[in-house]
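Visitor: So that you have it, the file is query.cif, and it contains mmCIF, C-alpha atoms:
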```cif
data_upload
#
loop_
_atom_site.label_atom_id
_atom_site.label_comp_id
_atom_site.auth_asym_id
_atom_site.auth_seq_id
_atom_site.Cartn_x
_atom_site.Cartn_y
_atom_site.Cartn_z
CA MET M 936 90.35 106.24 106.40
CA ASP M 937 93.67 106.01 108.15
CA GLY M 938 95.03 109.47 107.50
CA GLN M 939 95.40 112.37 105.15
CA PRO M 940 96.62 111.76 101.59
CA THR M 941 100.40 111.65 101.40
CA GLY M 942 102.01 114.95 100.41
CA TYR M 943 104.16 113.73 97.55
CA MET M 944 105.41 117.14 96.47
CA GLU M 945 106.81 117.94 99.90
CA ARG M 946 108.15 114.40 100.37
CA THR M 947 109.87 114.53 97.00
CA ARG M 948 111.38 117.97 97.65
CA HIS M 949 112.91 116.77 100.92
CA TYR M 950 114.21 113.59 99.33
CA TYR M 951 115.96 115.32 96.44
CA ARG M 952 117.45 117.90 98.77
CA ALA M 953 118.85 115.00 100.79
CA LEU M 954 120.32 113.62 97.56
CA GLY M 955 122.15 116.91 97.21
CA TYR M 956 120.17 118.55 94.42
CA LYS M 957 120.38 122.32 94.72
CA SER M 958 117.11 123.22 93.03
CA ASP M 959 113.68 121.83 93.78
CA TYR M 960 111.71 120.28 90.96
CA VAL M 961 109.15 122.71 89.59
CA TRP M 962 105.87 120.94 88.99
CA ALA M 963 103.65 122.02 86.16
CA ILE M 964 100.80 124.34 87.06
CA PHE M 965 98.22 125.97 84.80
CA PRO M 966 95.47 128.50 85.40
CA ASP M 967 92.96 126.63 83.27
CA VAL M 968 92.02 123.01 82.71
CA PRO M 969 90.54 121.87 79.38
CA PHE M 970 87.30 119.92 79.41
CA VAL M 971 85.22 118.26 76.72
CA ARG M 972 82.17 116.06 77.08
CA LEU M 973 81.95 112.52 75.80
CA LYS M 974 80.15 112.74 72.47
CA LYS M 975 78.34 109.42 72.83
CA PRO M 976 77.13 107.29 75.74
CA LEU M 977 79.87 105.41 77.56
CA SER M 978 78.17 102.18 76.50
CA GLN M 979 78.96 103.07 72.88
CA ALA M 980 82.37 104.67 73.40
CA ARG M 981 85.72 103.12 72.55
CA VAL M 982 88.25 103.67 75.32
CA GLY M 983 92.02 103.79 74.91
CA LEU M 984 94.33 102.88 77.79
CA VAL M 985 97.41 104.96 78.59
CA THR M 986 100.11 103.78 80.98
CA THR M 987 103.36 105.16 82.36
CA ALA M 988 104.93 101.68 82.27
CA GLY M 989 107.59 100.95 79.67
CA PRO M 990 108.05 97.98 77.34
CA PRO M 991 110.01 94.97 78.60
CA GLY M 992 113.69 95.59 78.01
CA ASP M 993 113.19 99.35 77.59
CA THR M 994 112.98 98.84 73.81
CA ASN M 995 111.45 102.30 73.40
CA ARG M 996 114.87 103.89 74.00
CA ASP M 997 116.68 105.15 70.92
CA ALA M 998 120.45 105.14 70.36
CA ASN M 999 120.76 108.34 72.41
CA GLY M 1000 118.90 106.87 75.35
CA VAL M 1001 115.80 108.95 74.69
CA ARG M 1002 112.56 107.15 75.47
CA HIS M 1003 109.61 107.33 73.10
CA VAL M 1004 105.88 106.63 73.21
CA TRP M 1005 105.25 102.93 72.65
CA SER M 1006 102.21 100.74 72.11
CA GLY M 1007 101.17 97.15 72.53
CA ALA M 1008 98.17 95.13 71.42
CA VAL M 1009 95.55 94.68 74.13
CA SER M 1010 95.10 91.16 72.76
CA SER M 1011 98.70 90.23 73.59
CA PRO M 1012 100.16 92.64 76.15
CA PRO M 1013 103.59 91.97 77.64
CA GLU M 1014 103.35 89.97 80.83
CA ARG M 1015 105.81 92.23 82.65
CA PRO M 1016 106.13 95.77 81.34
CA THR M 1017 108.99 97.80 82.76
CA THR M 1018 107.92 99.68 85.85
CA ASP M 1019 111.19 101.34 86.75
CA LEU M 1020 109.60 104.49 88.13
CA ALA M 1021 109.24 106.17 91.50
CA TRP M 1022 106.45 103.95 92.79
CA ASP M 1023 106.45 102.79 96.39
CA LYS M 1024 108.79 99.82 96.32
CA GLU M 1025 108.73 99.41 100.10
CA SER M 1026 104.97 99.09 100.46
CA THR M 1027 103.75 97.37 97.31
CA HIS M 1028 104.82 95.72 94.06
CA THR M 1029 103.90 95.78 90.38
CA ASP M 1030 103.81 92.03 89.79
CA ASP M 1031 100.16 92.26 88.75
CA ARG M 1032 100.05 94.17 85.47
CA GLU M 1033 96.30 94.69 85.90
CA SER M 1034 96.97 96.89 88.94
CA TYR M 1035 98.37 99.58 86.60
CA LEU M 1036 97.30 98.54 83.07
CA PRO M 1037 93.72 97.31 83.50
CA ILE M 1038 93.08 95.60 80.19
CA ALA M 1039 91.06 92.73 81.67
CA ALA M 1040 88.95 95.11 83.75
CA VAL M 1041 88.03 97.19 80.71
CA GLN M 1042 87.35 94.06 78.67
CA THR M 1043 84.99 92.86 81.40
CA LEU M 1044 83.17 96.18 81.31
CA VAL M 1045 82.92 95.92 77.53
CA ALA M 1046 81.46 92.41 77.85
CA GLU M 1047 78.95 93.72 80.38
CA GLY M 1048 77.93 96.57 78.11
CA VAL M 1049 79.12 99.34 80.45
CA VAL M 1050 81.72 100.45 77.91
CA GLY M 1051 81.38 100.18 74.14
CA ASP M 1052 84.80 98.95 73.18
CA ILE M 1053 88.50 98.97 74.03
CA ALA M 1054 91.01 100.38 71.55
CA ALA M 1055 93.11 97.69 69.88
CA ARG M 1056 96.31 99.14 71.32
CA PHE M 1057 97.32 100.62 74.64
CA TYR M 1058 99.78 103.51 74.76
CA GLY M 1059 102.86 103.87 76.92
CA VAL M 1060 104.14 107.34 77.73
CA PRO M 1061 107.59 107.91 79.27
CA THR M 1062 107.75 109.79 82.55
CA GLU M 1063 110.17 112.62 81.85
CA TYR M 1064 111.90 115.31 83.86
CA SER M 1065 111.33 117.56 80.86
CA GLN M 1066 107.74 118.79 80.74
CA LYS M 1067 108.56 120.31 77.34
CA LYS M 1068 109.24 116.86 75.88
CA THR M 1069 105.99 115.47 77.29
CA ILE M 1070 103.94 118.42 76.06
CA GLU M 1071 105.54 118.89 72.64
CA THR M 1072 106.53 115.34 71.65
CA ASP M 1073 104.98 112.54 73.68
CA ALA M 1074 101.46 113.84 74.30
CA PRO M 1075 100.90 114.63 70.58
CA GLU M 1076 102.14 111.15 69.71
CA VAL M 1077 99.67 109.54 72.12
CA LEU M 1078 96.90 111.69 70.61
CA ALA M 1079 97.84 110.61 67.09
CA ARG M 1080 97.74 106.93 68.04
CA ILE M 1081 94.43 107.29 69.87
CA ARG M 1082 92.94 108.91 66.78
CA GLU M 1083 94.37 106.19 64.51
CA ASP M 1084 92.68 103.59 66.68
CA GLY M 1085 89.35 105.42 66.71
CA ALA M 1086 89.17 105.83 70.48
CA ASP M 1087 86.52 108.22 71.82
CA ALA M 1088 88.07 108.64 75.28
CA ALA M 1089 91.18 107.79 77.25
CA LEU M 1090 91.79 106.14 80.62
CA LEU M 1091 95.20 107.18 81.94
CA CYS M 1092 96.76 105.08 84.68
CA ALA M 1093 99.69 106.69 86.44
CA LEU M 1094 102.11 104.38 88.29
CA MET F 742 100.57 111.77 82.91
CA SER F 743 98.54 114.84 83.84
CA LEU F 744 100.15 116.72 80.96
CA VAL F 745 99.05 114.02 78.52
CA ALA F 746 95.50 114.11 79.86
CA ARG F 747 95.40 117.87 79.37
CA HIS F 748 96.71 117.59 75.81
CA LEU F 749 94.20 114.91 74.81
CA GLU F 750 91.34 116.83 76.34
CA ALA F 751 92.39 120.09 74.67
CA ASN F 752 92.25 118.22 71.38
CA GLY F 753 88.77 116.84 71.88
CA VAL F 754 89.42 113.48 73.60
CA PRO F 755 87.77 113.22 77.04
CA THR F 756 90.06 111.74 79.67
CA VAL F 757 90.09 110.35 83.17
CA VAL F 758 93.23 109.81 85.24
CA LEU F 759 93.50 107.01 87.80
CA GLY F 760 96.23 107.64 90.34
CA SER F 761 97.40 108.06 93.91
CA ALA F 762 99.48 111.26 93.93
CA LEU F 763 96.57 113.54 94.77
CA ASP F 764 98.59 116.69 95.43
CA ILE F 765 100.65 116.45 92.23
CA VAL F 766 97.70 115.74 89.94
CA GLU F 767 95.53 118.48 91.44
CA TYR F 768 98.39 121.00 91.37
CA CYS F 769 98.73 120.46 87.62
CA GLY F 770 94.99 120.29 87.08
CA VAL F 771 93.28 117.60 85.03
CA PRO F 772 89.73 117.24 83.71
CA ARG F 773 88.76 114.13 85.70
CA PHE F 774 90.67 112.27 88.41
CA LEU F 775 89.80 109.14 90.35
CA PHE F 776 92.01 109.15 93.40
CA SER F 777 92.91 105.94 95.22
CA ASP F 778 94.63 106.49 98.54
CA PHE F 779 97.19 103.76 97.95
CA PRO F 780 101.00 103.65 97.80
CA LEU F 781 102.23 104.65 94.35
CA GLY F 782 102.24 101.73 91.93
CA ASN F 783 98.72 100.32 91.84
CA PRO F 784 96.36 103.05 90.61
CA CYS F 785 93.79 100.48 89.45
CA GLY F 786 93.49 98.53 92.69
CA HIS F 787 95.40 96.20 94.95
CA PRO F 788 97.52 93.61 93.12
CA TRP F 789 95.69 90.34 92.44
CA ARG F 790 92.30 91.86 93.30
CA PRO F 791 90.42 91.82 89.97
CA ASP F 792 87.15 92.62 91.75
CA MET F 793 88.57 95.84 93.16
CA GLN F 794 90.32 96.69 89.90
CA ARG F 795 87.08 96.29 87.99
CA ALA F 796 85.25 98.51 90.49
CA ILE F 797 87.87 101.26 90.34
CA VAL F 798 88.12 101.20 86.56
CA GLU F 799 84.33 101.33 86.24
CA GLN F 800 84.11 104.23 88.67
CA GLY F 801 86.78 106.06 86.72
CA LEU F 802 85.20 105.43 83.34
CA ARG F 803 81.80 106.58 84.57
CA LEU F 804 83.37 109.96 85.31
CA LEU F 805 83.71 110.36 81.55
CA ASP F 806 79.92 110.70 81.49
CA SER F 807 79.19 112.21 84.86
CA ALA F 808 81.90 114.78 85.67
CA PRO F 809 80.26 118.21 85.78
CA GLY F 810 83.36 120.09 84.70
CA PRO F 811 87.15 120.25 84.86
CA ARG F 812 89.09 119.48 88.06
CA THR F 813 86.58 116.81 89.04
CA THR F 814 88.26 114.62 91.68
CA VAL F 815 86.51 111.61 93.17
CA ARG F 816 88.00 109.34 95.81
CA ALA F 817 87.69 105.58 95.30
CA PRO F 818 86.05 103.82 98.27
CA PHE F 819 88.94 101.50 99.08
CA GLU F 820 91.71 101.68 101.65
CA TRP F 821 95.22 100.27 101.46
CA LYS F 822 95.94 97.03 103.23
CA ASP F 823 96.30 96.51 106.95
CA ASP F 824 99.63 98.29 106.93
CA PRO F 825 99.43 101.61 108.79
CA GLY F 826 103.12 102.36 108.20
CA TRP F 827 102.94 102.81 104.44
CA ARG F 828 102.51 106.59 104.45
CA ALA F 829 105.58 107.19 106.54
CA ARG F 830 107.87 104.92 104.54
CA TYR F 831 107.79 106.53 101.10
CA ASN F 832 111.02 108.51 100.57
CA HIS F 833 111.58 108.52 104.32
CA ILE F 834 114.90 110.10 105.19
CA ASP F 835 116.67 108.29 107.98
CA PRO F 836 119.12 110.74 109.60
CA ALA F 837 121.64 107.88 109.86
CA GLU F 838 121.60 107.49 106.08
CA ARG F 839 122.16 111.10 105.09
CA GLU F 840 125.69 110.51 103.91
CA ALA F 841 124.68 107.48 101.87
CA LEU F 842 121.87 109.49 100.26
CA LEU F 843 124.22 112.29 99.32
CA ALA F 844 126.62 109.77 97.78
CA ARG F 845 123.74 108.25 95.80
CA GLY F 846 122.83 111.71 94.52
CA GLU F 847 126.42 112.35 93.49
CA GLU F 848 126.48 109.09 91.56
CA ARG F 849 123.23 110.00 89.80
CA ARG F 850 124.63 113.36 88.77
CA ARG F 851 127.78 111.72 87.47
CA GLN F 852 125.71 109.27 85.40
CA ARG F 853 123.55 112.04 83.98
CA ALA F 854 126.55 114.11 83.05
CA LYS F 855 127.80 111.37 80.74
CA PRO F 856 127.05 112.05 77.10
CA GLY F 857 124.37 109.86 75.58
CA THR F 858 122.44 109.26 78.78
CA ALA F 859 119.13 110.77 79.70
#
```
Could you express the structure from this file as structure tokens?
Guide:
Amino acid sequence: MDGQPTGYMERTRHYYRALGYKSDYVWAIFPDVPFVRLKKPLSQARVGLVTTAGPPGDTNRDANGVRHVWSGAVSSPPERPTTDLAWDKESTHTDDRESYLPIAAVQTLVAEGVVGDIAARFYGVPTEYSQKKTIETDAPEVLARIREDGADAALLCAL
Amino acid sequence: MSLVARHLEANGVPTVVLGSALDIVEYCGVPRFLFSDFPLGNPCGHPWRPDMQRAIVEQGLRLLDSAPGPRTTVRAPFEWKDDPGWRARYNHIDPAEREALLARGEERRRQRAKPGTA
């Protein structure tokens, strides 16, 4: 252990103030957190992968520039998804897709019998300033796709 | 991502989040969180370390079974590389660059103000 976890909220507030933004970003906060139990053993469960990466070429943008939920087949994922987000570009890189979209790792765990199955598609969710868009549009779309693919649980990997 | 986890869970799909922004995820509140104390960008393990990625993903997935209730946070047993400066670098504000930062912010606001951009 080489220190306390980085305080990203404070760091981000200072950074955006330095950029000249007058109002601080207001992060989402809720009094309650939902919780459901897995209905079958993990060794029989199908897991869906969710990522914050985008498709190569930002092809999930519509004519108005709005980004939408996208999917790819776990059997043929893009080699280099778009990772144009606020990750730490000075200290690391996203050249290894498995470091943020762990398809091979889950497939290994399926082969070993730890996990039942991996959903045929993974799901990409845009990172938005608007929490309303995420809550009312994108999250329901991810849910619909997970249900279509028969996934029992979701592994969400946040860049 | 935390908002998506909450929505899935509220609709009957158990979730686990892998990530490195501990304060942001816990402020929002998610059902299960496997925290890796890494720079943002590699929530599933160091790049090109499939052994570590497998271990982190397995630890996360096992939380689907083992978490006793909501707001379960577990810390993955791996450190970042031999690079003690990483914490200080992220979004570091160099006093000598304040003017350049302000100019960058102005440019961003101009871009966002254009119709058809988001």
Visitor: Would you compute an axis-aligned box for stretch 977-986 of chain M, covering every atom listed for it in the file with 8 Å of margin on each side, and report centre and edge lengths in Å to one decimal as JSON?
Guide:
```
{"center_x": 89.1, "center_y": 103.8, "center_z": 76.8, "size_x": 37.9, "size_y": 19.2, "size_z": 24.4}
```
Visitor: Could you work out how far atom CA of M:Ala988 lies from atom CA of M:Thr1018, giving the answer in Å with one decimal?
Guide: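 Computed distance, atom CA of M:Thr1018 to atom CA of M:Ala988, equals 5.1 Å.
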Visitor: Figure out the distance between atom CA of M:Ala953 and atom CA of F:Ala844, please, to one decimal in Å.
Guide: 9.8 Å
Visitor: Could you tell me how far atom CA of F:Phe776 sits from atom CA of M:Val971, in Å to one decimal place?
Guide: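 Interatomic distance, atom CA of M:Val971 to atom CA of F:Phe776: 20.2 Å.
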Visitor: Which residues match the PyMOL selection byres ((chain F and resi 821-831) around 7) in the file above, as a ChimeraX atom specification?
Guide: /M:941,1023,1026 /F:778-780,819-820,832-833
Visitor: Mind writing stretch 963-1033 of chain M to a file for me, with C-alpha atoms, as a PDB file, in the first residue's frame?
Guide:
```pdb
ATOM      1  CA  ALA M 963     -25.279  11.469  -8.075  1.00  0.00           C
ATOM      2  CA  ILE M 964     -26.121  10.408  -4.541  1.00  0.00           C
ATOM      3  CA  PHE M 965     -28.976   8.240  -3.291  1.00  0.00           C
ATOM      4  CA  PRO M 966     -30.169   7.263   0.168  1.00  0.00           C
ATOM      5  CA  ASP M 967     -30.719   3.639  -0.800  1.00  0.00           C
ATOM      6  CA  VAL M 968     -28.914   1.065  -2.898  1.00  0.00           C
ATOM      7  CA  PRO M 969     -30.824  -1.759  -4.606  1.00  0.00           C
ATOM      8  CA  PHE M 970     -29.670  -5.323  -4.053  1.00  0.00           C
ATOM      9  CA  VAL M 971     -30.778  -8.677  -5.413  1.00  0.00           C
ATOM     10  CA  ARG M 972     -29.204 -12.068  -4.949  1.00  0.00           C
ATOM     11  CA  LEU M 973     -27.986 -14.242  -7.782  1.00  0.00           C
ATOM     12  CA  LYS M 974     -30.760 -16.735  -8.439  1.00  0.00           C
ATOM     13  CA  LYS M 975     -28.450 -19.603  -9.369  1.00  0.00           C
ATOM     14  CA  PRO M 976     -24.883 -20.604  -8.511  1.00  0.00           C
ATOM     15  CA  LEU M 977     -22.211 -18.548 -10.247  1.00  0.00           C
ATOM     16  CA  SER M 978     -21.051 -21.754 -11.946  1.00  0.00           C
ATOM     17  CA  GLN M 979     -24.404 -21.878 -13.748  1.00  0.00           C
ATOM     18  CA  ALA M 980     -24.908 -18.156 -14.330  1.00  0.00           C
ATOM     19  CA  ARG M 981     -24.497 -16.325 -17.613  1.00  0.00           C
ATOM     20  CA  VAL M 982     -22.618 -13.063 -17.163  1.00  0.00           C
ATOM     21  CA  GLY M 983     -22.910  -9.999 -19.388  1.00  0.00           C
ATOM     22  CA  LEU M 984     -20.034  -7.527 -19.693  1.00  0.00           C
ATOM     23  CA  VAL M 985     -20.633  -3.774 -19.620  1.00  0.00           C
ATOM     24  CA  THR M 986     -17.957  -1.260 -20.581  1.00  0.00           C
ATOM     25  CA  THR M 987     -17.656   2.511 -20.751  1.00  0.00           C
ATOM     26  CA  ALA M 988     -15.494   2.258 -23.889  1.00  0.00           C
ATOM     27  CA  GLY M 989     -16.986   3.299 -27.214  1.00  0.00           C
ATOM     28  CA  PRO M 990     -16.919   1.604 -30.612  1.00  0.00           C
ATOM     29  CA  PRO M 991     -13.997   2.325 -32.943  1.00  0.00           C
ATOM     30  CA  GLY M 992     -14.741   5.481 -34.887  1.00  0.00           C
ATOM     31  CA  ASP M 993     -17.443   6.583 -32.433  1.00  0.00           C
ATOM     32  CA  THR M 994     -20.063   4.954 -34.671  1.00  0.00           C
ATOM     33  CA  ASN M 995     -22.601   5.074 -31.834  1.00  0.00           C
ATOM     34  CA  ARG M 996     -23.040   8.827 -32.378  1.00  0.00           C
ATOM     35  CA  ASP M 997     -26.171   9.889 -34.213  1.00  0.00           C
ATOM     36  CA  ALA M 998     -26.496  12.846 -36.599  1.00  0.00           C
ATOM     37  CA  ASN M 999     -26.902  15.192 -33.625  1.00  0.00           C
ATOM     38  CA  GLY M1000     -23.744  13.950 -31.965  1.00  0.00           C
ATOM     39  CA  VAL M1001     -25.652  12.068 -29.272  1.00  0.00           C
ATOM     40  CA  ARG M1002     -24.004   8.817 -28.229  1.00  0.00           C
ATOM     41  CA  HIS M1003     -26.046   5.665 -27.761  1.00  0.00           C
ATOM     42  CA  VAL M1004     -25.622   2.275 -26.105  1.00  0.00           C
ATOM     43  CA  TRP M1005     -23.752  -0.076 -28.424  1.00  0.00           C
ATOM     44  CA  SER M1006     -22.884  -3.755 -28.436  1.00  0.00           C
ATOM     45  CA  GLY M1007     -20.330  -6.079 -29.945  1.00  0.00           C
ATOM     46  CA  ALA M1008     -20.012  -9.841 -30.178  1.00  0.00           C
ATOM     47  CA  VAL M1009     -17.697 -11.337 -27.569  1.00  0.00           C
ATOM     48  CA  SER M1010     -16.563 -13.724 -30.311  1.00  0.00           C
ATOM     49  CA  SER M1011     -15.236 -10.857 -32.441  1.00  0.00           C
ATOM     50  CA  PRO M1012     -14.713  -7.736 -30.329  1.00  0.00           C
ATOM     51  CA  PRO M1013     -13.035  -4.679 -31.842  1.00  0.00           C
ATOM     52  CA  GLU M1014      -9.307  -4.718 -31.287  1.00  0.00           C
ATOM     53  CA  ARG M1015      -9.241  -1.072 -30.218  1.00  0.00           C
ATOM     54  CA  PRO M1016     -12.475   0.339 -28.822  1.00  0.00           C
ATOM     55  CA  THR M1017     -12.567   4.093 -28.336  1.00  0.00           C
ATOM     56  CA  THR M1018     -11.371   5.035 -24.883  1.00  0.00           C
ATOM     57  CA  ASP M1019     -11.624   8.801 -25.142  1.00  0.00           C
ATOM     58  CA  LEU M1020     -12.576   9.316 -21.509  1.00  0.00           C
ATOM     59  CA  ALA M1021     -11.010  10.860 -18.429  1.00  0.00           C
ATOM     60  CA  TRP M1022      -8.693   7.973 -17.620  1.00  0.00           C
ATOM     61  CA  ASP M1023      -5.168   8.644 -16.431  1.00  0.00           C
ATOM     62  CA  LYS M1024      -3.292   9.254 -19.661  1.00  0.00           C
ATOM     63  CA  GLU M1025      -0.096  10.258 -17.852  1.00  0.00           C
ATOM     64  CA  SER M1026       0.278   7.098 -15.808  1.00  0.00           C
ATOM     65  CA  THR M1027      -1.127   4.282 -17.920  1.00  0.00           C
ATOM     66  CA  HIS M1028      -2.585   3.378 -21.312  1.00  0.00           C
ATOM     67  CA  THR M1029      -5.514   1.438 -22.749  1.00  0.00           C
ATOM     68  CA  ASP M1030      -3.618  -0.495 -25.410  1.00  0.00           C
ATOM     69  CA  ASP M1031      -4.681  -3.775 -23.812  1.00  0.00           C
ATOM     70  CA  ARG M1032      -8.431  -4.101 -24.289  1.00  0.00           C
ATOM     71  CA  GLU M1033      -8.529  -6.849 -21.664  1.00  0.00           C
TER      72      GLU M1033
END
```
